[in-house]
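Below is the file data-v8.tsv, which contains TSV, C-alpha atoms.
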```
chain	number	residue	atom	x	y	z
A	12	MET	CA	11.16	0.01	33.93
A	13	THR	CA	10.41	-3.62	34.78
A	14	GLY	CA	7.63	-2.53	37.15
A	15	ALA	CA	5.94	-0.42	34.48
A	16	VAL	CA	6.04	-3.31	32.00
A	17	GLU	CA	4.49	-5.64	34.58
A	18	ARG	CA	1.70	-3.12	35.26
A	19	LEU	CA	1.07	-2.88	31.53
A	20	ARG	CA	0.82	-6.67	31.22
A	21	LYS	CA	-1.61	-6.83	34.15
A	22	VAL	CA	-3.82	-4.07	32.76
A	23	LEU	CA	-3.94	-5.60	29.29
A	24	GLY	CA	-4.64	-8.99	30.83
A	25	GLU	CA	-7.51	-7.51	32.84
A	26	GLU	CA	-8.84	-5.81	29.70
A	27	SER	CA	-8.86	-9.20	28.00
A	28	LYS	CA	-10.79	-10.76	30.90
A	29	ARG	CA	-13.37	-7.98	30.64
A	30	ARG	CA	-13.85	-8.78	26.95
A	31	PHE	CA	-12.24	-5.55	25.81
A	32	ALA	CA	-14.88	-3.27	27.33
A	33	ASN	CA	-12.30	-0.49	27.96
A	34	THR	CA	-12.87	-0.77	31.71
A	35	ALA	CA	-9.57	-2.29	32.93
A	36	VAL	CA	-8.50	1.10	34.30
A	37	MET	CA	-10.53	4.08	35.42
A	38	GLY	CA	-11.06	6.54	32.59
A	39	GLY	CA	-10.28	4.01	29.86
A	40	LEU	CA	-7.12	2.56	28.36
A	41	ASP	CA	-6.05	5.51	26.21
A	42	ALA	CA	-4.61	7.67	29.01
A	43	PHE	CA	-2.87	4.66	30.56
A	44	LEU	CA	-1.20	3.72	27.27
A	45	ARG	CA	-0.01	7.29	26.68
A	46	HIS	CA	1.40	7.46	30.21
A	47	PHE	CA	3.26	4.17	29.75
A	48	SER	CA	4.72	5.30	26.43
A	49	GLU	CA	5.99	8.54	27.99
A	50	GLU	CA	7.36	6.77	31.08
A	51	ALA	CA	9.15	4.18	28.96
A	52	ARG	CA	10.56	6.88	26.65
A	53	LEU	CA	9.87	4.67	23.65
A	54	SER	CA	11.35	5.60	20.30
A	55	PRO	CA	8.96	6.26	17.37
A	56	GLU	CA	10.34	3.09	15.72
A	57	HIS	CA	9.37	0.84	18.65
A	58	ARG	CA	6.56	-1.53	17.71
A	59	PHE	CA	4.49	-0.32	20.71
A	60	SER	CA	4.74	3.27	19.43
A	61	ARG	CA	3.69	2.24	15.93
A	62	VAL	CA	0.58	0.50	17.25
A	63	LEU	CA	-0.41	3.62	19.21
A	64	ARG	CA	0.09	5.81	16.13
A	65	SER	CA	-2.21	3.54	14.14
A	66	LEU	CA	-5.17	4.26	16.44
A	67	PRO	CA	-7.85	6.62	15.06
A	68	ALA	CA	-8.33	10.14	16.37
A	69	GLY	CA	-10.70	8.90	19.08
A	70	GLY	CA	-8.19	6.32	20.28
A	71	TYR	CA	-8.79	2.83	21.66
A	72	GLY	CA	-12.15	3.84	23.12
A	73	VAL	CA	-13.88	4.32	19.75
A	74	LEU	CA	-12.95	0.87	18.45
A	75	HIS	CA	-15.22	-2.15	18.19
A	76	PRO	CA	-14.39	-4.87	20.79
A	77	VAL	CA	-13.03	-7.10	18.00
A	78	GLN	CA	-10.66	-4.33	16.95
A	79	ARG	CA	-9.70	-3.67	20.58
A	80	GLN	CA	-8.75	-7.32	20.95
A	81	ARG	CA	-6.37	-7.08	17.99
A	82	VAL	CA	-4.82	-3.89	19.42
A	83	VAL	CA	-4.28	-5.48	22.85
A	84	GLU	CA	-2.70	-8.54	21.26
A	85	GLU	CA	-0.36	-6.34	19.22
A	86	LEU	CA	0.65	-4.29	22.27
A	87	LEU	CA	1.45	-7.44	24.24
A	88	ARG	CA	3.52	-8.83	21.39
A	89	ALA	CA	5.35	-5.52	21.10
A	90	VAL	CA	6.41	-5.64	24.75
A	91	GLU	CA	7.26	-9.35	24.72
A	92	GLU	CA	9.39	-9.12	21.58
A	93	GLN	CA	11.11	-5.83	22.37
A	94	PRO	CA	10.81	-4.73	26.02
A	95	PRO	CA	11.44	-1.01	26.67
A	96	PRO	CA	15.03	-0.35	27.80
A	97	ASP	CA	15.81	0.18	31.51
A	98	ARG	CA	17.71	3.35	30.60
A	99	PRO	CA	18.27	5.46	27.50
A	100	PRO	CA	20.72	3.88	25.02
A	101	VAL	CA	24.27	5.20	24.97
A	102	GLN	CA	24.95	7.58	22.10
A	103	THR	CA	27.68	6.18	19.88
A	104	ASN	CA	27.58	8.58	16.94
A	105	ARG	CA	30.36	11.15	17.37
A	106	THR	CA	28.28	13.83	15.66
A	107	ASP	CA	25.36	13.41	18.06
A	108	ASN	CA	24.41	16.39	20.16
A	109	PRO	CA	23.38	15.12	23.65
A	110	GLY	CA	19.76	15.83	24.37
A	111	ARG	CA	18.82	16.06	20.71
A	112	ALA	CA	17.49	13.30	18.50
A	113	THR	CA	19.85	12.30	15.72
A	114	LYS	CA	18.30	12.45	12.29
A	115	ARG	CA	18.91	9.47	10.10
A	116	PRO	CA	20.21	10.26	6.64
A	117	PRO	CA	17.61	9.67	3.94
A	118	PRO	CA	17.99	6.39	2.04
A	119	PRO	CA	19.71	6.70	-1.31
A	120	ALA	CA	17.37	7.24	-4.22
A	121	ALA	CA	16.72	4.20	-6.34
A	122	SER	CA	18.86	4.19	-9.44
A	123	ARG	CA	17.21	4.20	-12.80
A	124	SER	CA	16.99	0.84	-14.56
A	125	ARG	CA	20.01	-0.07	-16.68
A	126	LEU	CA	18.76	-2.96	-18.75
A	127	VAL	CA	20.91	-4.48	-21.46
A	128	GLY	CA	18.98	-5.56	-24.52
A	129	THR	CA	16.78	-4.42	-27.39
A	130	LEU	CA	13.09	-4.03	-28.07
A	131	ASP	CA	13.02	-7.65	-29.24
A	132	SER	CA	14.82	-9.04	-26.18
A	133	PRO	CA	12.94	-11.67	-24.14
A	134	LEU	CA	11.58	-10.97	-20.69
A	135	SER	CA	14.64	-12.61	-19.15
A	136	VAL	CA	16.44	-9.23	-19.40
A	137	PHE	CA	14.36	-8.13	-16.41
A	138	SER	CA	15.36	-9.27	-12.95
A	139	GLY	CA	12.94	-11.04	-10.64
A	140	VAL	CA	10.77	-12.57	-13.37
A	141	SER	CA	10.42	-16.28	-12.67
A	142	ARG	CA	9.44	-18.83	-15.29
A	143	THR	CA	6.00	-18.95	-13.73
A	144	TYR	CA	5.52	-15.22	-14.14
A	145	GLN	CA	6.95	-15.32	-17.66
A	146	ALA	CA	4.36	-17.95	-18.56
A	147	LYS	CA	1.57	-15.77	-17.14
A	148	LEU	CA	2.82	-12.76	-19.10
A	149	ASN	CA	3.01	-14.91	-22.23
A	150	ARG	CA	-0.71	-15.63	-21.83
A	151	LEU	CA	-1.27	-11.89	-22.19
A	152	GLY	CA	0.77	-11.85	-25.40
A	153	VAL	CA	3.85	-10.39	-23.68
A	154	GLU	CA	7.02	-12.21	-24.74
A	155	THR	CA	9.45	-9.37	-25.50
A	156	VAL	CA	10.32	-5.89	-24.25
A	157	ARG	CA	8.33	-4.39	-27.13
A	158	ASP	CA	5.26	-6.43	-26.13
A	159	LEU	CA	5.56	-5.10	-22.58
A	160	LEU	CA	5.75	-1.48	-23.78
A	161	PHE	CA	2.56	-2.03	-25.73
A	162	LEU	CA	0.69	-3.72	-22.88
A	163	PHE	CA	-1.26	-0.58	-22.02
A	164	PRO	CA	-3.22	0.15	-18.84
A	165	PHE	CA	-6.95	-0.11	-19.34
A	166	ARG	CA	-7.63	2.33	-16.48
A	167	TYR	CA	-5.94	4.22	-13.63
A	168	HIS	CA	-6.45	4.56	-9.91
A	169	ASP	CA	-6.61	8.26	-9.18
A	170	TYR	CA	-5.37	8.57	-5.61
A	171	SER	CA	-6.12	12.28	-5.63
A	172	GLN	CA	-9.83	11.40	-5.70
A	173	VAL	CA	-10.03	9.52	-2.42
A	174	ARG	CA	-12.93	9.43	-0.02
A	175	PRO	CA	-12.97	9.07	3.77
A	176	ILE	CA	-14.55	5.88	5.03
A	177	ALA	CA	-17.50	7.83	6.42
A	178	GLY	CA	-18.12	9.26	2.93
A	179	LEU	CA	-18.19	5.97	1.01
A	180	ARG	CA	-21.31	5.18	-0.98
A	181	PRO	CA	-22.56	1.64	-1.69
A	182	GLY	CA	-22.58	0.39	-5.24
A	183	GLU	CA	-19.76	2.62	-6.52
A	184	GLU	CA	-16.10	2.05	-7.38
A	185	GLN	CA	-14.17	4.17	-4.88
A	186	THR	CA	-10.69	4.66	-3.48
A	187	LEU	CA	-9.71	5.20	0.14
A	188	LEU	CA	-6.46	5.61	2.05
A	189	GLY	CA	-6.34	4.03	5.48
A	190	THR	CA	-4.46	2.10	8.13
A	191	VAL	CA	-4.62	-1.64	8.70
A	192	TRP	CA	-6.14	-2.33	12.12
A	193	SER	CA	-6.15	-6.08	11.81
A	194	ALA	CA	-5.88	-8.76	9.14
A	195	GLY	CA	-6.17	-12.52	9.18
A	196	GLU	CA	-6.97	-15.49	7.02
A	197	GLY	CA	-9.65	-18.03	7.80
A	198	VAL	CA	-13.07	-19.33	6.86
A	199	ILE	CA	-15.52	-16.49	6.31
A	200	GLY	CA	-18.97	-17.94	6.11
A	201	ARG	CA	-18.16	-21.12	4.22
A	202	ARG	CA	-15.32	-19.78	2.11
A	203	LYS	CA	-11.64	-19.28	2.81
A	204	GLY	CA	-10.28	-15.79	2.46
A	205	THR	CA	-8.70	-12.78	4.13
A	206	GLU	CA	-10.60	-10.40	6.37
A	207	ALA	CA	-9.21	-7.03	7.45
A	208	ILE	CA	-10.36	-3.95	9.32
A	209	ILE	CA	-9.15	-0.71	7.73
A	210	GLY	CA	-9.51	2.62	9.49
A	211	ASP	CA	-9.04	6.33	8.95
A	212	ASP	CA	-9.93	9.42	10.97
A	213	SER	CA	-13.60	9.08	10.02
A	214	GLY	CA	-14.24	5.42	10.88
A	215	THR	CA	-13.47	1.80	10.05
A	216	LEU	CA	-14.37	-0.57	7.22
A	217	ARG	CA	-14.52	-4.35	6.91
A	218	VAL	CA	-12.66	-5.62	3.84
A	219	VAL	CA	-12.85	-9.18	2.49
A	220	TRP	CA	-10.78	-10.92	-0.17
A	221	TRP	CA	-12.53	-14.19	-1.07
A	222	GLY	CA	-10.13	-17.05	-1.74
A	223	GLN	CA	-7.06	-14.82	-1.40
A	224	THR	CA	-5.64	-16.00	1.92
A	225	TYR	CA	-2.12	-14.90	0.94
A	226	ILE	CA	-3.12	-11.24	1.34
A	227	ALA	CA	-3.30	-11.70	5.12
A	228	ARG	CA	0.42	-12.47	5.18
A	229	ARG	CA	1.20	-9.20	3.39
A	230	LEU	CA	-0.68	-6.95	5.81
A	231	ARG	CA	0.40	-5.81	9.25
A	232	PRO	CA	-1.27	-3.57	11.83
A	233	GLY	CA	-0.31	0.06	11.37
A	234	GLN	CA	0.46	-0.34	7.66
A	235	LYS	CA	-0.78	2.44	5.36
A	236	VAL	CA	-2.65	1.17	2.30
A	237	ALA	CA	-4.77	2.37	-0.58
A	238	LEU	CA	-7.85	0.37	-1.51
A	239	SER	CA	-9.83	0.65	-4.73
A	240	GLY	CA	-12.98	-1.31	-5.38
A	241	LYS	CA	-16.75	-1.47	-5.14
A	242	VAL	CA	-18.40	-0.76	-1.80
A	243	THR	CA	-21.15	-3.20	-0.80
A	244	VAL	CA	-23.50	-3.57	2.18
A	245	PHE	CA	-23.39	-6.57	4.54
A	246	ARG	CA	-25.73	-6.73	7.54
A	247	SER	CA	-26.44	-3.02	7.27
A	248	ARG	CA	-22.73	-2.11	7.31
A	249	LEU	CA	-20.50	-1.04	4.45
A	250	GLN	CA	-17.65	-3.26	3.31
A	251	MET	CA	-15.35	-3.81	0.33
A	252	GLU	CA	-14.99	-7.14	-1.43
A	253	ASN	CA	-11.85	-8.09	-3.35
A	254	PRO	CA	-10.52	-4.53	-3.76
A	255	GLU	CA	-7.14	-3.83	-5.29
A	256	ILE	CA	-4.67	-2.92	-2.59
A	257	GLU	CA	-1.47	-0.84	-2.68
A	258	PRO	CA	0.91	-0.54	0.26
A	259	LEU	CA	1.83	3.11	0.78
A	260	ASP	CA	4.91	2.75	2.95
A	261	ASP	CA	7.54	3.70	0.39
A	262	GLU	CA	8.12	6.30	-2.29
A	263	SER	CA	7.65	4.41	-5.51
A	264	ILE	CA	5.58	4.33	-8.64
A	265	HIS	CA	2.80	2.80	-6.54
A	266	THR	CA	2.29	6.04	-4.61
A	267	ARG	CA	1.93	8.24	-7.69
A	268	ARG	CA	-1.27	10.22	-8.05
A	269	LEU	CA	-2.34	8.13	-11.05
A	270	VAL	CA	-1.55	4.42	-10.78
A	271	PRO	CA	-1.94	2.26	-13.92
A	272	VAL	CA	-4.07	-0.88	-13.86
A	273	TYR	CA	-3.00	-3.48	-16.43
A	274	PRO	CA	-4.78	-6.44	-17.98
A	275	GLY	CA	-3.97	-9.45	-15.85
A	276	THR	CA	-4.32	-13.12	-15.27
A	277	GLU	CA	-4.67	-15.12	-12.07
A	278	GLY	CA	-1.55	-15.02	-9.93
A	279	LEU	CA	0.13	-12.16	-11.79
A	280	PRO	CA	0.63	-9.25	-9.34
A	281	GLN	CA	-0.13	-5.76	-10.58
A	282	ARG	CA	2.93	-4.51	-8.68
A	283	LEU	CA	5.18	-6.77	-10.76
A	284	VAL	CA	3.66	-5.61	-14.06
A	285	ARG	CA	4.03	-1.96	-13.00
A	286	ARG	CA	7.64	-2.46	-12.01
A	287	LEU	CA	8.48	-4.14	-15.32
A	288	ALA	CA	6.61	-1.46	-17.25
A	289	ARG	CA	8.53	1.26	-15.40
A	290	GLU	CA	11.87	-0.37	-16.23
A	291	ALA	CA	10.88	-0.95	-19.85
A	292	VAL	CA	9.70	2.64	-20.30
A	293	ASP	CA	12.85	4.08	-18.71
A	294	ALA	CA	15.22	1.96	-20.78
A	295	PHE	CA	13.50	1.43	-24.13
A	296	ALA	CA	10.68	3.94	-24.81
A	297	GLU	CA	12.99	6.24	-26.77
A	298	ALA	CA	14.05	3.33	-28.99
A	299	VAL	CA	10.55	2.77	-30.42
A	300	GLU	CA	10.29	3.85	-34.07
A	301	GLU	CA	8.28	7.02	-34.72
A	302	PRO	CA	5.13	6.21	-36.74
A	303	LEU	CA	4.56	9.86	-37.76
A	304	PRO	CA	6.94	12.42	-39.27
A	305	ALA	CA	8.01	15.26	-37.00
A	306	SER	CA	6.35	17.86	-39.24
A	307	LEU	CA	2.95	16.19	-38.91
A	308	ARG	CA	3.32	15.74	-35.17
A	309	GLY	CA	4.24	19.42	-34.83
A	310	LYS	CA	1.26	20.48	-36.90
A	311	LEU	CA	-1.14	18.37	-34.86
A	312	GLY	CA	0.53	19.11	-31.52
A	313	LEU	CA	1.19	15.43	-30.81
A	314	PRO	CA	3.98	14.11	-28.55
A	315	ALA	CA	6.79	11.90	-29.79
A	316	ILE	CA	6.09	8.21	-29.37
A	317	GLY	CA	8.60	7.87	-26.53
A	318	GLU	CA	6.87	10.58	-24.50
A	319	ALA	CA	3.47	9.14	-25.40
A	320	LEU	CA	4.53	5.77	-23.99
A	321	VAL	CA	5.71	7.39	-20.78
A	322	GLN	CA	2.44	9.28	-20.34
A	323	ILE	CA	0.29	6.28	-21.19
A	324	HIS	CA	1.97	4.06	-18.61
A	325	PHE	CA	2.72	6.68	-15.92
A	326	PRO	CA	0.85	9.89	-16.71
A	327	ASP	CA	1.65	13.11	-14.88
A	328	SER	CA	-2.02	14.06	-14.87
A	329	PRO	CA	-5.38	13.00	-16.32
A	330	ALA	CA	-4.87	15.61	-19.08
A	331	ALA	CA	-1.46	14.12	-19.97
A	332	ALA	CA	-2.99	10.65	-20.13
A	333	ALA	CA	-5.79	11.88	-22.40
A	334	LYS	CA	-3.31	13.59	-24.71
A	335	ALA	CA	-1.20	10.44	-24.95
A	336	HIS	CA	-4.30	8.42	-25.75
A	337	SER	CA	-5.11	10.75	-28.63
A	338	GLY	CA	-1.56	10.78	-29.99
A	339	PRO	CA	0.35	8.47	-32.33
A	340	LEU	CA	-0.74	5.38	-30.37
A	341	ALA	CA	-4.44	6.19	-30.44
A	342	SER	CA	-5.37	3.17	-32.53
A	343	THR	CA	-3.69	0.72	-30.16
A	344	VAL	CA	-4.45	2.18	-26.72
A	345	PRO	CA	-7.47	0.77	-24.86
A	346	ARG	CA	-9.66	3.49	-23.44
A	347	PRO	CA	-9.65	3.69	-19.61
```

For the file at hand, write its structure as C-alpha cells.
Amino acid sequence: MTGAVERLRKVLGEESKRRFANTAVMGGLDAFLRHFSEEARLSPEHRFSRVLRSLPAGGYGVLHPVQRQRVVEELLRAVEEQPPPDRPPVQTNRTDNPGRATKRPPPPAASRSRLVGTLDSPLSVFSGVSRTYQAKLNRLGVETVRDLLFLFPFRYHDYSQVRPIAGLRPGEEQTLLGTVWSAGEGVIGRRKGTEAIIGDDSGTLRVVWWGQTYIARRLRPGQKVALSGKVTVFRSRLQMENPEIEPLDDESIHTRRLVPVYPGTEGLPQRLVRRLAREAVDAFAEAVEEPLPASLRGKLGLPAIGEALVQIHFPDSPAAAAKAHSGPLASTVPRP
C-alpha cells in the first residue's frame, strides 16, 4: 500500500502546483480518489473516507478552486495522520463472522436528568455552569430553577422548513442543512471573524461570523450543521452573516424539529441554555403550582402547567407550541 500512498501524495502535490484546476490526472481527480479509496480498503471511519463523503453530488470537479484547495489539504492530512494499513486488520472479536463487517452496538441512551433540589434552588444544582455563565444568566433575571423554567423561548427554528442552498432568497430569514467544506478564522476585509463554506447537493454558500473567531475552532470539514439567519448578497453572490449554527452530529434536543431560541447575552451559548432548560423541565416542571383549577382547565381544554412548560420549551409541533402559548401561561409567554 506504500506505493499507492506515494502516488496519491504526488497527484495531490501536482494538483496544488496547478492551482487546483482538476488537471493533475486525466479525467479529473474524482475517479482517482475513488480508485485509491477502494484499493486501500479504507473503513468508513477513516478521515480520508469522511472527506470524500463530504463532497457534493458532482464531486471535487464542481468545487471552486478555493474549496478544492481545502479538500486537498484535508486529504493530505488524513493520509499523513493515519496512513491506510498495509493489510486488513486482524479480527479480534470472537463473535465476528469473517468476511462480514461487525456492527458496533449503539451507544447507550442518555439518562434523564436526576437533579437534587427545589424550584427555589440556585443554578449551582446544574452541572457545567461556571461562575461566568451564572453571572450571564443572572443578567437575564435567571437565578433559580424556577427562573429558568420561566425563561421562555421567544421563537423557534423549524428544521422541517429548510431550503436547499440553490433555493435561498436574499433578504429573508431562512434555515438550511449542509456540510462544512472549510472553515477558518482571520481578517475578512478589515474585521476579524470566521469564514466558512457550507455545501449541500444543490450548491455552496459563503458564511461569515463577524468578530466570532472562536466558531472556526468548533467547525471541521465534513461536519453536518444547521444554519438559521438572514441571507444577504455580496459581490453578486449569496451569503449568510452571523447565522445561528447547530451541529447535527448527535441525537439530542438540538436536532429536534422545533428548536427553541432563548433570550441571550453576549458569550452565553444557546446550546447551554437549551441543555439547562431540558434538565429543568425534566426534573421540575411537574412541581410548579397549578394556577387554574382542574375543572376550569377541563372546561377550556387547557393543559396542566407542567405539560404547558414542556410544550413551550420543547414543543412536539407548531400546534402544540401554540396551544401551550394560549394556556395557563399565556400572560407570561413571549410570542414567537

Checklist outcome for this item: A straight line from atom CA of A:Asp158 to atom CA of A:Leu313 spans 22.7 Å

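Picture a line from atom CA of A:Tyr167 to atom CA of A:Glu290; it runs 18.6 Å.
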
Item to check | Among listed residues A:Ala227, A:Val284, A:Leu134, A:Val173, nearest A:Gly240 (using all atoms listed in the file) | outcome: A:Val173

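When atom CA of A:Ala15 is paired with atom CA of A:Tyr71, their separation reads 19.8 Å.
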
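Using only C-alpha atoms, the set of residues no farther than 12 Å from the position (-22.2, -7.5, 3.9) comprises Pro181, Ile199, Gly200, Leu216, Arg217, Val218, Val219, Val242, Thr243, Val244, Phe245, Arg246, Ser247, Arg248, Leu249, Gln250, Met251 and Glu252 of chain A.
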
Could you work out an axis-aligned box for stretch 62-76 of chain A, taking every atom the file lists and adding 3 Å on each side, and report centre and edge lengths in Å to one decimal, as lines of an AutoDock Vina configuration file?
```
center_x = -7.3
center_y = 2.6
center_z = 18.6
size_x = 21.8
size_y = 21.0
size_z = 15.0
```

Checklist entry - Near stretch 296-308 of chain A, within 7 Å and counting all atoms listed in the file, which residues show up once chain neighbours fewer than 5 positions away are dropped, as a list of chain:residue names? => result A:Ala291, A:Leu313, A:Pro314, A:Ile316, A:Gly317, A:Leu320, A:Pro339

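With distances taken over all atoms listed in the file, A:Phe295 is the one residue among A:Ser239, A:Phe295, A:Tyr225, A:Leu259 lying closest to A:Thr155.
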
Item to check | Counting only C-alpha atoms, the residue of A:Leu44, A:Val62, A:Ala68, A:Leu279 that sits nearest A:Leu148 | outcome: A:Leu279

Item to check | Shell of 12 Å around A:Arg61, all atoms listed in the file, local chain residues under 5 positions omitted, as JSON, numbers by chain | outcome: {"A": [48, 53, 54, 55, 56, 66, 82, 85, 86, 89, 190, 191, 192, 231, 232, 233, 234, 235]}

Export of prior selection with C-alpha atoms as a compact mmCIF listing (two decimals), in the frame of the given file:
```
# COMPACT_ATOMS: atom_id res chain seq x y z
CA SER A 48 4.72 5.30 26.43
CA LEU A 53 9.87 4.67 23.65
CA SER A 54 11.35 5.60 20.30
CA PRO A 55 8.96 6.26 17.37
CA GLU A 56 10.34 3.09 15.72
CA LEU A 66 -5.17 4.26 16.44
CA VAL A 82 -4.82 -3.89 19.42
CA GLU A 85 -0.36 -6.34 19.22
CA LEU A 86 0.65 -4.29 22.27
CA ALA A 89 5.35 -5.52 21.10
CA THR A 190 -4.46 2.10 8.13
CA VAL A 191 -4.62 -1.64 8.70
CA TRP A 192 -6.14 -2.33 12.12
CA ARG A 231 0.40 -5.81 9.25
CA PRO A 232 -1.27 -3.57 11.83
CA GLY A 233 -0.31 0.06 11.37
CA GLN A 234 0.46 -0.34 7.66
CA LYS A 235 -0.78 2.44 5.36
```

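Those residues that approach A:Tyr170 to within 12 Å, counting all atoms listed in the file, are Gln185, Thr186, Leu187, Leu188, Val236, Ala237, Leu238, Ser239, Ile256, Glu257, Leu259, His265, Thr266, Arg267, Arg268, Leu269, Val270, Pro271, Ser328 and Pro329 of chain A; same-chain residues fewer than 6 positions away are not listed.
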
Go ahead and save the residues from that selection, with C-alpha atoms, as a tab-separated table (two decimals), in the coordinates of the input.
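Resulting contents of out13.tsv:
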```
chain	number	residue	atom	x	y	z
A	185	GLN	CA	-14.17	4.17	-4.88
A	186	THR	CA	-10.69	4.66	-3.48
A	187	LEU	CA	-9.71	5.20	0.14
A	188	LEU	CA	-6.46	5.61	2.05
A	236	VAL	CA	-2.65	1.17	2.30
A	237	ALA	CA	-4.77	2.37	-0.58
A	238	LEU	CA	-7.85	0.37	-1.51
A	239	SER	CA	-9.83	0.65	-4.73
A	256	ILE	CA	-4.67	-2.92	-2.59
A	257	GLU	CA	-1.47	-0.84	-2.68
A	259	LEU	CA	1.83	3.11	0.78
A	265	HIS	CA	2.80	2.80	-6.54
A	266	THR	CA	2.29	6.04	-4.61
A	267	ARG	CA	1.93	8.24	-7.69
A	268	ARG	CA	-1.27	10.22	-8.05
A	269	LEU	CA	-2.34	8.13	-11.05
A	270	VAL	CA	-1.55	4.42	-10.78
A	271	PRO	CA	-1.94	2.26	-13.92
A	328	SER	CA	-2.02	14.06	-14.87
A	329	PRO	CA	-5.38	13.00	-16.32
```

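Nearest residue to A:Glu206, choosing from A:Gln322, A:Ser171, A:Pro254, A:Arg29 and counting all atoms listed in the file: A:Pro254.
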